[in-house]
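K.L.:
I am sharing query03.cif, which consists of mmCIF, C-alpha atoms and all ligand atoms:
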```
data_my_file
#
loop_
_atom_site.group_PDB
_atom_site.id
_atom_site.type_symbol
_atom_site.label_atom_id
_atom_site.label_comp_id
_atom_site.auth_asym_id
_atom_site.auth_seq_id
_atom_site.Cartn_x
_atom_site.Cartn_y
_atom_site.Cartn_z
ATOM 1 C CA MET P 1 27.008 -25.750 14.906
ATOM 2 C CA ARG P 2 23.797 -26.407 13.028
ATOM 3 C CA LEU P 3 25.099 -24.904 9.755
ATOM 4 C CA ALA P 4 28.706 -26.152 9.825
ATOM 5 C CA ASN P 5 30.430 -25.647 6.454
ATOM 6 C CA LYS P 6 27.224 -24.462 4.774
ATOM 7 C CA ILE P 7 27.370 -21.724 2.128
ATOM 8 C CA ALA P 8 24.501 -19.276 2.684
ATOM 9 C CA ILE P 9 23.348 -16.176 0.805
ATOM 10 C CA ILE P 10 21.096 -13.830 2.792
ATOM 11 C CA THR P 11 19.544 -10.905 0.908
ATOM 12 C CA GLY P 12 18.718 -7.727 2.780
ATOM 13 C CA ALA P 13 21.395 -8.742 5.289
ATOM 14 C CA GLY P 14 22.652 -5.199 5.725
ATOM 15 C CA SER P 15 19.990 -4.328 8.302
ATOM 16 C CA GLY P 16 17.390 -5.599 10.741
ATOM 17 C CA ILE P 17 16.211 -9.190 10.428
ATOM 18 C CA GLY P 18 18.742 -10.111 7.724
ATOM 19 C CA HIS P 19 21.595 -8.630 9.764
ATOM 20 C CA GLU P 20 20.679 -10.766 12.777
ATOM 21 C CA ALA P 21 20.284 -13.840 10.559
ATOM 22 C CA ALA P 22 23.725 -13.263 9.048
ATOM 23 C CA LYS P 23 25.328 -13.103 12.503
ATOM 24 C CA LEU P 24 23.396 -16.121 13.797
ATOM 25 C CA PHE P 25 24.065 -18.279 10.720
ATOM 26 C CA SER P 26 27.756 -17.410 11.009
ATOM 27 C CA ARG P 27 27.849 -18.408 14.678
ATOM 28 C CA GLU P 28 26.283 -21.718 13.629
ATOM 29 C CA GLY P 29 29.160 -22.373 11.218
ATOM 30 C CA ALA P 30 27.955 -21.035 7.875
ATOM 31 C CA HIS P 31 29.952 -18.947 5.421
ATOM 32 C CA VAL P 32 27.550 -16.050 4.934
ATOM 33 C CA VAL P 33 27.185 -13.902 1.827
ATOM 34 C CA VAL P 34 25.788 -10.593 3.072
ATOM 35 C CA ALA P 35 23.794 -9.459 0.040
ATOM 36 C CA ASP P 36 22.277 -5.973 0.066
ATOM 37 C CA ARG P 37 21.814 -3.036 -2.270
ATOM 38 C CA ASN P 38 23.255 -0.769 0.435
ATOM 39 C CA ALA P 39 26.992 -1.245 -0.081
ATOM 40 C CA ASP P 40 28.092 0.395 3.182
ATOM 41 C CA ALA P 41 25.688 -1.754 5.193
ATOM 42 C CA ALA P 42 26.701 -4.987 3.435
ATOM 43 C CA HIS P 43 30.401 -4.319 3.981
ATOM 44 C CA ALA P 44 29.830 -3.318 7.613
ATOM 45 C CA VAL P 45 27.914 -6.516 8.432
ATOM 46 C CA ALA P 46 30.467 -8.721 6.652
ATOM 47 C CA ALA P 47 33.275 -6.952 8.544
ATOM 48 C CA GLU P 48 31.404 -7.342 11.840
ATOM 49 C CA ILE P 49 31.182 -11.093 11.253
ATOM 50 C CA THR P 50 34.776 -11.598 10.195
ATOM 51 C CA ALA P 51 35.986 -9.458 13.125
ATOM 52 C CA THR P 52 34.414 -11.953 15.492
ATOM 53 C CA GLY P 53 35.990 -14.961 13.773
ATOM 54 C CA GLY P 54 33.154 -15.817 11.408
ATOM 55 C CA ALA P 55 33.272 -16.288 7.641
ATOM 56 C CA ALA P 56 31.455 -13.707 5.532
ATOM 57 C CA GLU P 57 31.660 -11.711 2.340
ATOM 58 C CA ALA P 58 29.648 -8.745 1.073
ATOM 59 C CA ALA P 59 27.722 -8.796 -2.208
ATOM 60 C CA ILE P 60 26.225 -5.567 -3.480
ATOM 61 C CA VAL P 61 23.050 -6.359 -5.374
ATOM 62 C CA ASP P 62 19.550 -5.070 -6.027
ATOM 63 C CA VAL P 63 17.402 -8.230 -5.954
ATOM 64 C CA SER P 64 14.967 -6.714 -8.449
ATOM 65 C CA GLN P 65 17.711 -6.891 -11.100
ATOM 66 C CA GLU P 66 17.653 -10.469 -12.388
ATOM 67 C CA MET P 67 21.077 -10.632 -14.021
ATOM 68 C CA ALA P 68 22.788 -8.913 -11.094
ATOM 69 C CA LEU P 69 21.271 -11.372 -8.612
ATOM 70 C CA LYS P 70 22.088 -14.311 -10.917
ATOM 71 C CA ALA P 71 25.699 -13.125 -11.078
ATOM 72 C CA VAL P 72 25.942 -13.124 -7.271
ATOM 73 C CA ILE P 73 24.387 -16.602 -6.994
ATOM 74 C CA ASP P 74 26.500 -18.085 -9.798
ATOM 75 C CA GLY P 75 29.646 -16.426 -8.459
ATOM 76 C CA VAL P 76 29.133 -17.844 -4.960
ATOM 77 C CA ALA P 77 28.479 -21.323 -6.345
ATOM 78 C CA ALA P 78 31.567 -21.105 -8.589
ATOM 79 C CA ARG P 79 33.889 -19.853 -5.826
ATOM 80 C CA HIS P 80 32.659 -22.176 -3.077
ATOM 81 C CA GLY P 81 31.656 -25.157 -5.190
ATOM 82 C CA ARG P 82 28.084 -25.130 -3.885
ATOM 83 C CA LEU P 83 25.173 -23.093 -2.532
ATOM 84 C CA ASP P 84 23.430 -24.721 0.430
ATOM 85 C CA ILE P 85 21.118 -21.984 1.695
ATOM 86 C CA LEU P 86 19.374 -18.984 0.121
ATOM 87 C CA VAL P 87 17.421 -16.593 2.336
ATOM 88 C CA ASN P 88 15.282 -14.234 0.223
ATOM 89 C CA ASN P 89 14.752 -11.559 2.834
ATOM 90 C CA ALA P 90 15.184 -8.180 1.079
ATOM 91 C CA GLY P 91 11.946 -6.247 1.092
ATOM 92 C CA PHE P 92 10.203 -3.062 2.100
ATOM 93 C CA GLY P 93 6.747 -1.615 2.678
ATOM 94 C CA ILE P 94 4.826 1.385 1.423
ATOM 95 C CA ALA P 95 1.698 3.047 2.735
ATOM 96 C CA GLY P 96 -1.455 3.150 0.655
ATOM 97 C CA THR P 97 -4.817 1.643 -0.151
ATOM 98 C CA VAL P 98 -5.421 0.363 -3.677
ATOM 99 C CA VAL P 99 -7.001 3.742 -4.394
ATOM 100 C CA THR P 100 -4.028 5.803 -3.236
ATOM 101 C CA THR P 101 -1.214 3.511 -4.439
ATOM 102 C CA SER P 102 0.260 4.546 -7.804
ATOM 103 C CA GLU P 103 1.077 1.967 -10.463
ATOM 104 C CA ALA P 104 4.741 2.984 -10.246
ATOM 105 C CA ASP P 105 4.847 2.390 -6.472
ATOM 106 C CA TRP P 106 3.007 -0.942 -6.858
ATOM 107 C CA ASP P 107 5.483 -2.092 -9.528
ATOM 108 C CA ALA P 108 8.532 -0.949 -7.549
ATOM 109 C CA LEU P 109 7.411 -2.831 -4.450
ATOM 110 C CA MET P 110 6.464 -5.990 -6.335
ATOM 111 C CA ALA P 111 9.796 -5.878 -8.185
ATOM 112 C CA VAL P 112 11.654 -6.303 -4.902
ATOM 113 C CA ASN P 113 9.276 -8.188 -2.585
ATOM 114 C CA VAL P 114 7.971 -10.721 -5.120
ATOM 115 C CA LYS P 115 10.185 -10.675 -8.216
ATOM 116 C CA GLY P 116 13.293 -10.601 -6.008
ATOM 117 C CA VAL P 117 12.165 -13.924 -4.490
ATOM 118 C CA PHE P 118 11.295 -15.285 -7.944
ATOM 119 C CA PHE P 119 14.703 -14.328 -9.369
ATOM 120 C CA GLY P 120 16.615 -15.693 -6.378
ATOM 121 C CA CYS P 121 14.842 -19.041 -6.514
ATOM 122 C CA LYS P 122 14.960 -19.201 -10.318
ATOM 123 C CA HIS P 123 18.747 -19.074 -10.302
ATOM 124 C CA ALA P 124 19.533 -20.931 -7.057
ATOM 125 C CA ILE P 125 17.294 -23.954 -7.644
ATOM 126 C CA PRO P 126 19.188 -25.314 -10.693
ATOM 127 C CA ILE P 127 22.441 -25.163 -8.701
ATOM 128 C CA MET P 128 20.830 -26.860 -5.703
ATOM 129 C CA THR P 129 19.269 -29.492 -7.974
ATOM 130 C CA ARG P 130 22.647 -30.310 -9.556
ATOM 131 C CA GLN P 131 24.318 -30.693 -6.160
ATOM 132 C CA GLY P 132 21.505 -32.895 -4.823
ATOM 133 C CA GLY P 133 19.623 -30.480 -2.586
ATOM 134 C CA GLY P 134 19.467 -27.243 -0.687
ATOM 135 C CA VAL P 135 17.302 -25.036 1.469
ATOM 136 C CA ILE P 136 15.481 -21.791 0.696
ATOM 137 C CA VAL P 137 13.888 -19.524 3.286
ATOM 138 C CA ASN P 138 11.696 -16.633 2.139
ATOM 139 C CA THR P 139 10.560 -13.725 4.284
ATOM 140 C CA ALA P 140 6.798 -13.313 4.070
ATOM 141 C CA SER P 141 4.863 -11.569 6.869
ATOM 142 C CA ALA P 142 1.985 -12.140 9.251
ATOM 143 C CA VAL P 143 0.039 -9.889 6.872
ATOM 144 C CA ALA P 144 0.032 -12.797 4.412
ATOM 145 C CA ALA P 145 -2.735 -14.117 6.690
ATOM 146 C CA VAL P 146 -4.436 -11.009 8.119
ATOM 147 C CA GLY P 147 -5.604 -7.776 6.532
ATOM 148 C CA ILE P 148 -4.219 -4.464 7.773
ATOM 149 C CA THR P 149 -5.153 -0.979 6.660
ATOM 150 C CA ASP P 150 -3.233 1.286 4.300
ATOM 151 C CA ARG P 151 -0.671 -1.307 3.149
ATOM 152 C CA ALA P 152 -2.460 -2.900 0.169
ATOM 153 C CA ALA P 153 0.566 -3.499 -2.071
ATOM 154 C CA TYR P 154 2.721 -4.764 0.795
ATOM 155 C CA VAL P 155 0.030 -7.181 2.007
ATOM 156 C CA ALA P 156 -0.441 -8.471 -1.544
ATOM 157 C CA SER P 157 3.302 -8.940 -1.967
ATOM 158 C CA LYS P 158 3.670 -10.985 1.205
ATOM 159 C CA GLY P 159 0.645 -13.128 0.343
ATOM 160 C CA ALA P 160 2.365 -13.811 -2.967
ATOM 161 C CA VAL P 161 5.588 -14.816 -1.216
ATOM 162 C CA ALA P 162 3.735 -17.370 0.948
ATOM 163 C CA ALA P 163 1.830 -18.776 -2.045
ATOM 164 C CA LEU P 164 4.947 -18.885 -4.250
ATOM 165 C CA THR P 165 6.779 -20.678 -1.444
ATOM 166 C CA ARG P 166 4.148 -23.435 -1.460
ATOM 167 C CA ALA P 167 4.181 -23.729 -5.260
ATOM 168 C CA MET P 168 7.974 -23.942 -5.476
ATOM 169 C CA ALA P 169 8.106 -26.426 -2.602
ATOM 170 C CA MET P 170 5.856 -28.768 -4.566
ATOM 171 C CA ASP P 171 7.799 -28.328 -7.811
ATOM 172 C CA HIS P 172 11.154 -29.103 -6.196
ATOM 173 C CA VAL P 173 10.467 -31.546 -3.374
ATOM 174 C CA ALA P 174 11.783 -34.397 -5.531
ATOM 175 C CA ASP P 175 15.026 -32.433 -6.081
ATOM 176 C CA GLY P 176 15.786 -32.532 -2.365
ATOM 177 C CA ILE P 177 15.164 -28.805 -1.975
ATOM 178 C CA ARG P 178 13.116 -27.614 0.993
ATOM 179 C CA ILE P 179 11.457 -24.194 0.563
ATOM 180 C CA ASN P 180 9.694 -22.534 3.487
ATOM 181 C CA CYS P 181 8.876 -19.022 4.593
ATOM 182 C CA VAL P 182 8.895 -17.162 7.857
ATOM 183 C CA ALA P 183 6.014 -14.805 8.658
ATOM 184 C CA PRO P 184 7.121 -12.187 11.168
ATOM 185 C CA GLY P 185 4.750 -10.070 13.184
ATOM 186 C CA THR P 186 5.741 -6.451 13.832
ATOM 187 C CA ILE P 187 9.486 -6.437 14.421
ATOM 188 C CA GLU P 188 11.520 -3.618 15.924
ATOM 189 C CA SER P 189 13.999 -3.340 13.050
ATOM 190 C CA PRO P 190 15.537 -0.124 11.675
ATOM 191 C CA TYR P 191 12.608 -0.092 9.250
ATOM 192 C CA PHE P 192 10.221 0.545 12.142
ATOM 193 C CA ALA P 193 12.647 2.964 13.795
ATOM 194 C CA GLN P 194 12.227 5.110 10.653
ATOM 195 C CA ILE P 195 8.446 4.838 10.847
ATOM 196 C CA PHE P 196 8.466 5.912 14.506
ATOM 197 C CA ALA P 197 10.823 8.780 13.684
ATOM 198 C CA ARG P 198 8.413 10.070 11.020
ATOM 199 C CA SER P 199 5.313 9.698 13.203
ATOM 200 C CA ASN P 200 3.570 12.696 14.814
ATOM 201 C CA ASP P 201 2.808 10.563 17.875
ATOM 202 C CA ALA P 202 5.384 7.781 18.103
ATOM 203 C CA PRO P 203 4.306 6.506 21.573
ATOM 204 C CA ALA P 204 0.682 6.084 20.415
ATOM 205 C CA LEU P 205 1.786 4.388 17.195
ATOM 206 C CA ARG P 206 4.077 2.047 19.110
ATOM 207 C CA ALA P 207 1.273 1.160 21.541
ATOM 208 C CA ALA P 208 -1.090 0.414 18.666
ATOM 209 C CA LEU P 209 1.485 -1.777 16.922
ATOM 210 C CA GLU P 210 2.319 -3.586 20.159
ATOM 211 C CA ALA P 211 -1.372 -4.270 20.769
ATOM 212 C CA ARG P 212 -1.662 -6.125 17.429
ATOM 213 C CA GLN P 213 0.474 -8.923 18.816
ATOM 214 C CA ALA P 214 -1.211 -11.092 21.463
ATOM 215 C CA MET P 215 2.039 -10.792 23.445
ATOM 216 C CA ASN P 216 1.501 -7.002 23.450
ATOM 217 C CA ARG P 217 5.057 -6.221 22.416
ATOM 218 C CA LEU P 218 7.081 -5.827 19.244
ATOM 219 C CA GLY P 219 9.319 -8.694 18.189
ATOM 220 C CA GLN P 220 13.080 -8.375 17.972
ATOM 221 C CA PRO P 221 14.992 -9.103 14.747
ATOM 222 C CA VAL P 222 16.936 -11.906 16.431
ATOM 223 C CA GLU P 223 13.658 -13.709 17.177
ATOM 224 C CA ILE P 224 13.023 -13.935 13.419
ATOM 225 C CA ALA P 225 16.642 -14.893 12.765
ATOM 226 C CA LYS P 226 16.140 -17.878 15.083
ATOM 227 C CA ALA P 227 13.050 -18.948 13.118
ATOM 228 C CA MET P 228 15.107 -18.641 9.903
ATOM 229 C CA LEU P 229 17.855 -20.766 11.441
ATOM 230 C CA TYR P 230 15.304 -23.459 12.239
ATOM 231 C CA LEU P 231 14.035 -23.432 8.639
ATOM 232 C CA ALA P 232 17.560 -23.323 7.164
ATOM 233 C CA SER P 233 18.887 -26.210 9.262
ATOM 234 C CA ASP P 234 18.144 -29.923 9.410
ATOM 235 C CA ASP P 235 16.044 -29.186 12.513
ATOM 236 C CA SER P 236 13.175 -28.590 10.059
ATOM 237 C CA SER P 237 13.965 -31.628 7.898
ATOM 238 C CA PHE P 238 10.285 -32.644 7.552
ATOM 239 C CA SER P 239 9.044 -29.158 6.585
ATOM 240 C CA THR P 240 8.583 -27.805 3.081
ATOM 241 C CA GLY P 241 6.065 -25.298 1.752
ATOM 242 C CA ALA P 242 5.405 -24.175 5.326
ATOM 243 C CA THR P 243 4.752 -20.696 6.635
ATOM 244 C CA LEU P 244 6.260 -20.352 10.097
ATOM 245 C CA PHE P 245 4.506 -17.554 11.968
ATOM 246 C CA ALA P 246 6.752 -15.768 14.449
ATOM 247 C CA ASP P 247 4.279 -13.053 15.282
ATOM 248 C CA GLY P 248 3.681 -12.899 19.024
ATOM 249 C CA GLY P 249 0.365 -14.665 18.500
ATOM 250 C CA TRP P 250 -1.046 -12.002 16.143
ATOM 251 C CA THR P 251 -2.542 -14.420 13.603
ATOM 252 C CA ALA P 252 -3.736 -16.901 16.236
ATOM 253 C CA ARG P 253 -6.278 -14.432 17.531
HETATM 254 N N1 LIG K 1 10.078 -5.296 10.460
HETATM 255 C C1 LIG K 1 8.905 -5.915 10.408
HETATM 256 O O1 LIG K 1 7.991 -5.674 11.221
HETATM 257 C C2 LIG K 1 8.631 -6.950 9.362
HETATM 258 C C3 LIG K 1 7.486 -7.744 9.502
HETATM 259 C C4 LIG K 1 7.226 -8.721 8.550
HETATM 260 C C5 LIG K 1 8.083 -8.896 7.486
HETATM 261 N N2 LIG K 1 9.172 -8.107 7.372
HETATM 262 C C6 LIG K 1 10.054 -8.344 6.224
HETATM 263 O O2 LIG K 1 11.333 -8.683 6.686
HETATM 264 C C7 LIG K 1 12.306 -8.325 5.696
HETATM 265 C C8 LIG K 1 13.409 -7.523 6.359
HETATM 266 O O3 LIG K 1 12.820 -6.369 6.930
HETATM 267 P P1 LIG K 1 13.510 -5.508 8.090
HETATM 268 O O4 LIG K 1 12.441 -5.092 8.994
HETATM 269 O O5 LIG K 1 14.714 -6.206 8.624
HETATM 270 O O6 LIG K 1 13.910 -4.219 7.217
HETATM 271 P P2 LIG K 1 15.210 -3.290 7.152
HETATM 272 O O7 LIG K 1 14.770 -2.107 6.386
HETATM 273 O O8 LIG K 1 15.821 -3.109 8.500
HETATM 274 O O9 LIG K 1 16.226 -4.161 6.270
HETATM 275 C C9 LIG K 1 15.965 -4.449 4.920
HETATM 276 C C10 LIG K 1 17.272 -4.562 4.168
HETATM 277 O O10 LIG K 1 16.957 -4.962 2.820
HETATM 278 C C11 LIG K 1 17.726 -4.171 1.935
HETATM 279 N N3 LIG K 1 17.029 -4.090 0.663
HETATM 280 C C12 LIG K 1 15.848 -3.463 0.404
HETATM 281 N N4 LIG K 1 15.556 -3.559 -0.892
HETATM 282 C C13 LIG K 1 16.552 -4.264 -1.471
HETATM 283 C C14 LIG K 1 16.824 -4.689 -2.783
HETATM 284 N N5 LIG K 1 16.000 -4.357 -3.800
HETATM 285 N N6 LIG K 1 17.927 -5.428 -3.026
HETATM 286 C C15 LIG K 1 18.761 -5.729 -2.026
HETATM 287 N N7 LIG K 1 18.587 -5.331 -0.757
HETATM 288 C C16 LIG K 1 17.493 -4.609 -0.482
HETATM 289 C C17 LIG K 1 17.866 -2.824 2.606
HETATM 290 O O11 LIG K 1 18.979 -2.096 2.099
HETATM 291 C C18 LIG K 1 18.029 -3.239 4.070
HETATM 292 O O12 LIG K 1 19.399 -3.452 4.392
HETATM 293 C C19 LIG K 1 11.526 -7.584 4.605
HETATM 294 O O13 LIG K 1 11.205 -8.477 3.560
HETATM 295 C C20 LIG K 1 10.264 -7.145 5.326
HETATM 296 O O14 LIG K 1 9.188 -6.944 4.453
HETATM 297 C C21 LIG K 1 9.482 -7.144 8.281
#
```
Can you turn what I pasted into structure tokens?
Ligand SMILES: NC(=O)c1ccc[n+]([C@@H]2O[C@H](COP(=O)([O-])OP(=O)(O)OC[C@H]3O[C@@H](n4cnc5c(N)ncnc54)[C@H](O)[C@@H]3O)[C@@H](O)[C@H]2O)c1
P.N.:
Amino acid sequence: MRLANKIAIITGAGSGIGHEAAKLFSREGAHVVVADRNADAAHAVAAEITATGGAAEAAIVDVSQEMALKAVIDGVAARHGRLDILVNNAGFGIAGTVVTTSEADWDALMAVNVKGVFFGCKHAIPIMTRQGGGVIVNTASAVAAVGITDRAAYVASKGAVAALTRAMAMDHVADGIRINCVAPGTIESPYFAQIFARSNDAPALRAALEARQAMNRLGQPVEIAKAMLYLASDDSSFSTGATLFADGGWTAR
């Protein structure tokens, strides 16, 4: 029970990596707020957790909407008396080089992947400071450290998440708040299931994606959830500002 009695908000917890983190954090004793803009998914994950004896609640929120995310964070802190853990995990990718990416698509992606992290931290940190500490885990990506083709906005957004994580860690180390990020390699979440479904040659695409990782396989969402658990728990008590790569060796090459 590494998160016994902890109050944790996980954004993007309706699917994939966030879904696995919500289940794992619950099994480790946390009360989990399953925050997602997809209401059906958020309610389904919260119900899945409570059906197995865990403690969870759904929160329907678009993390790009500052006041809506603030309301969720403030509401959780008011109802439970504290907020111990915030996982800023909601995010998505779009295809495109800088030449082919429209300004509207760039802004929409940055609004979620970067501003969503900014808003979450902006409104959780004062609560954590008042209560004497807390932990934040952001979801970056291995592409914060390596270039890939046709994902310019996404790569930029995840580089920003890693850099923002370091900056915030320095600003709030004296407040007892640890802020780290996880950098997944290519993970077989529903997001990639959609990409395979849209592909003209899914087996070839899968093989190419598998080959990026030194382990020559895709990662599983639960493998990232375990890295998040490490960063959210006292197991990582001497880490702040860190980027934990869980990428099958991709960036070590
Ligand atoms: N799958 C991968 O290979 C991979 C690799 C590196 C990083 N990541 C990152 O991991 C995170 C989770 O990705 P995943 O693969 O589990 O994706 P996913 O699509 O399976 O799940 C993402 C969840 O986030 C929610 N979401 C999206 N935008 C939101 C918003 N504005 N407000 C609230 N909720 C929102 C979606 O509804 C969905 O439930 C993302 O930040 C993604 O960029 C994924």
K.L.:
Take the PyMOL selection byres (((chain P and resi 85) around 9) and not hetatm), apply it to the structure above, and return the hits as a list in words.
P.N.:
Lys6, Ile7, Ala8, Ile9, Ile10, Leu83, Asp84, Leu86, Val87, Ala124, Met128, Gly134, Val135, Ile136, Val137, Ala232 and Ser233 of chain P
K.L.:
Name the closest residue to P:Lys23 among the candidates P:Pro221, P:Gly185, P:Gly116, P:Gly81; distances are taken between atoms, counting all atoms listed in the file.
P.N.:
P:Pro221
K.L.:
Applied to the shown file, which residues does the PyMOL selection byres (((not hetatm)) within 8 of (chain K and resi 1)) return, written as number ranges by chain?
P.N.:
P: 11-19, 35-38, 41-42, 60-65, 88-93, 111-113, 116, 139-143, 154, 158, 183-192, 219, 221
K.L.:
Name the residues that the PyMOL selection byres (((chain P and resi 29-31) around 8) and not hetatm) picks from the file above, as a list in words, using the file's chain letters and numbers.
P.N.:
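The output of the PyMOL selection byres (((chain P and resi 29-31) around 8) and not hetatm) on this file is Met1, Arg2, Leu3, Ala4, Asn5, Lys6, Ile7, Ala8, Phe25, Ser26, Arg27, Glu28, Val32, Val33, Gly54, Ala55 and Ala56 of chain P.
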K.L.:
Taking into account only C-alpha atoms, which residue in the set P:Val146, P:Ser237, P:Ala214, P:Gln220 is nearest to P:Ile177?
P.N.:
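With only C-alpha atoms as the atom set, the closest residue is P:Ser237.
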K.L.:
From the list P:Lys226, P:His43, P:Lys115, P:His172, which residue is nearest P:Ala246 when using all atoms listed in the file?
P.N.:
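Of all the options, P:Lys226 lies closest to P:Ala246.
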K.L.:
Nearest residue to P:Val45 out of P:Ala59, P:Ala152, P:Ala242, P:Val117, using only C-alpha atoms?
P.N.:
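Nearest candidate to P:Val45 out of P:Ala59, P:Ala152, P:Ala242, P:Val117: P:Ala59.
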K.L.:
Considering all atoms listed in the file, state which residue in the set P:Phe119, P:Gly53, P:Thr97, P:Ile127 is at the smallest distance from P:Val76.
P.N.:
P:Ile127
K.L.:
Rounded to one decimal place, report the atom CA of P:Ile94-atom CA of P:Gly159 distance in Å.
P.N.:
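Answer for the atom CA of P:Ile94 to atom CA of P:Gly159 separation: 15.1 Å.
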K.L.:
Residues near P:Asp175, anyone? I mean within 12 Å using only C-alpha atoms, not counting same-chain ones fewer than 2 positions away, as number ranges by chain.
P.N.:
P: 125-135, 168-173, 177-179
K.L.:
For a test of reading the model, state the distance in Å between atom CA of P:Asp247 and atom CA of P:Gln213, rounded to one decimal.
P.N.:
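According to the coordinates, atom CA of P:Asp247 and atom CA of P:Gln213 are separated by 6.6 Å.
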K.L.:
Neighbours of P:Leu205 within 10 Å (all atoms listed in the file; same-chain residues fewer than 5 positions away dropped), as a ChimeraX atom specification?
P.N.:
/P:195-196,199-200,210-211
K.L.:
Report the distance between atom CA of P:Asp40 and atom CA of P:Glu20 in Å, rounded to one decimal place.
P.N.:
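So the answer is 16.5 Å.
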K.L.:
With all atoms listed in the file as the atoms that count, which of P:Cys181, P:Ala204, P:Ala71, P:Ala104 lies nearest to P:Ala163?
P.N.:
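Among the listed residues, P:Cys181 lies closest to P:Ala163.
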K.L.:
Around the point (8.5, -21.8, 5.0) (coordinates from the file), which residues reach within 8 Å if we count only C-alpha atoms? Answer as a list in words.
P.N.:
Val137, Asn138, Ala162, Thr165, Arg166, Ile179, Asn180, Cys181, Val182, Leu231, Ser239, Thr240, Gly241, Ala242, Thr243 and Leu244 of chain P
K.L.:
Write a file of the just-selected residues containing C-alpha atoms, as an mmCIF file, in the frame of the given file.
P.N.:
```
data_model
loop_
_atom_site.group_PDB
_atom_site.id
_atom_site.type_symbol
_atom_site.label_atom_id
_atom_site.label_comp_id
_atom_site.auth_asym_id
_atom_site.auth_seq_id
_atom_site.Cartn_x
_atom_site.Cartn_y
_atom_site.Cartn_z
ATOM 1 C CA VAL P 137 13.888 -19.524 3.286
ATOM 2 C CA ASN P 138 11.696 -16.633 2.139
ATOM 3 C CA ALA P 162 3.735 -17.370 0.948
ATOM 4 C CA THR P 165 6.779 -20.678 -1.444
ATOM 5 C CA ARG P 166 4.148 -23.435 -1.460
ATOM 6 C CA ILE P 179 11.457 -24.194 0.563
ATOM 7 C CA ASN P 180 9.694 -22.534 3.487
ATOM 8 C CA CYS P 181 8.876 -19.022 4.593
ATOM 9 C CA VAL P 182 8.895 -17.162 7.857
ATOM 10 C CA LEU P 231 14.035 -23.432 8.639
ATOM 11 C CA SER P 239 9.044 -29.158 6.585
ATOM 12 C CA THR P 240 8.583 -27.805 3.081
ATOM 13 C CA GLY P 241 6.065 -25.298 1.752
ATOM 14 C CA ALA P 242 5.405 -24.175 5.326
ATOM 15 C CA THR P 243 4.752 -20.696 6.635
ATOM 16 C CA LEU P 244 6.260 -20.352 10.097
#
```
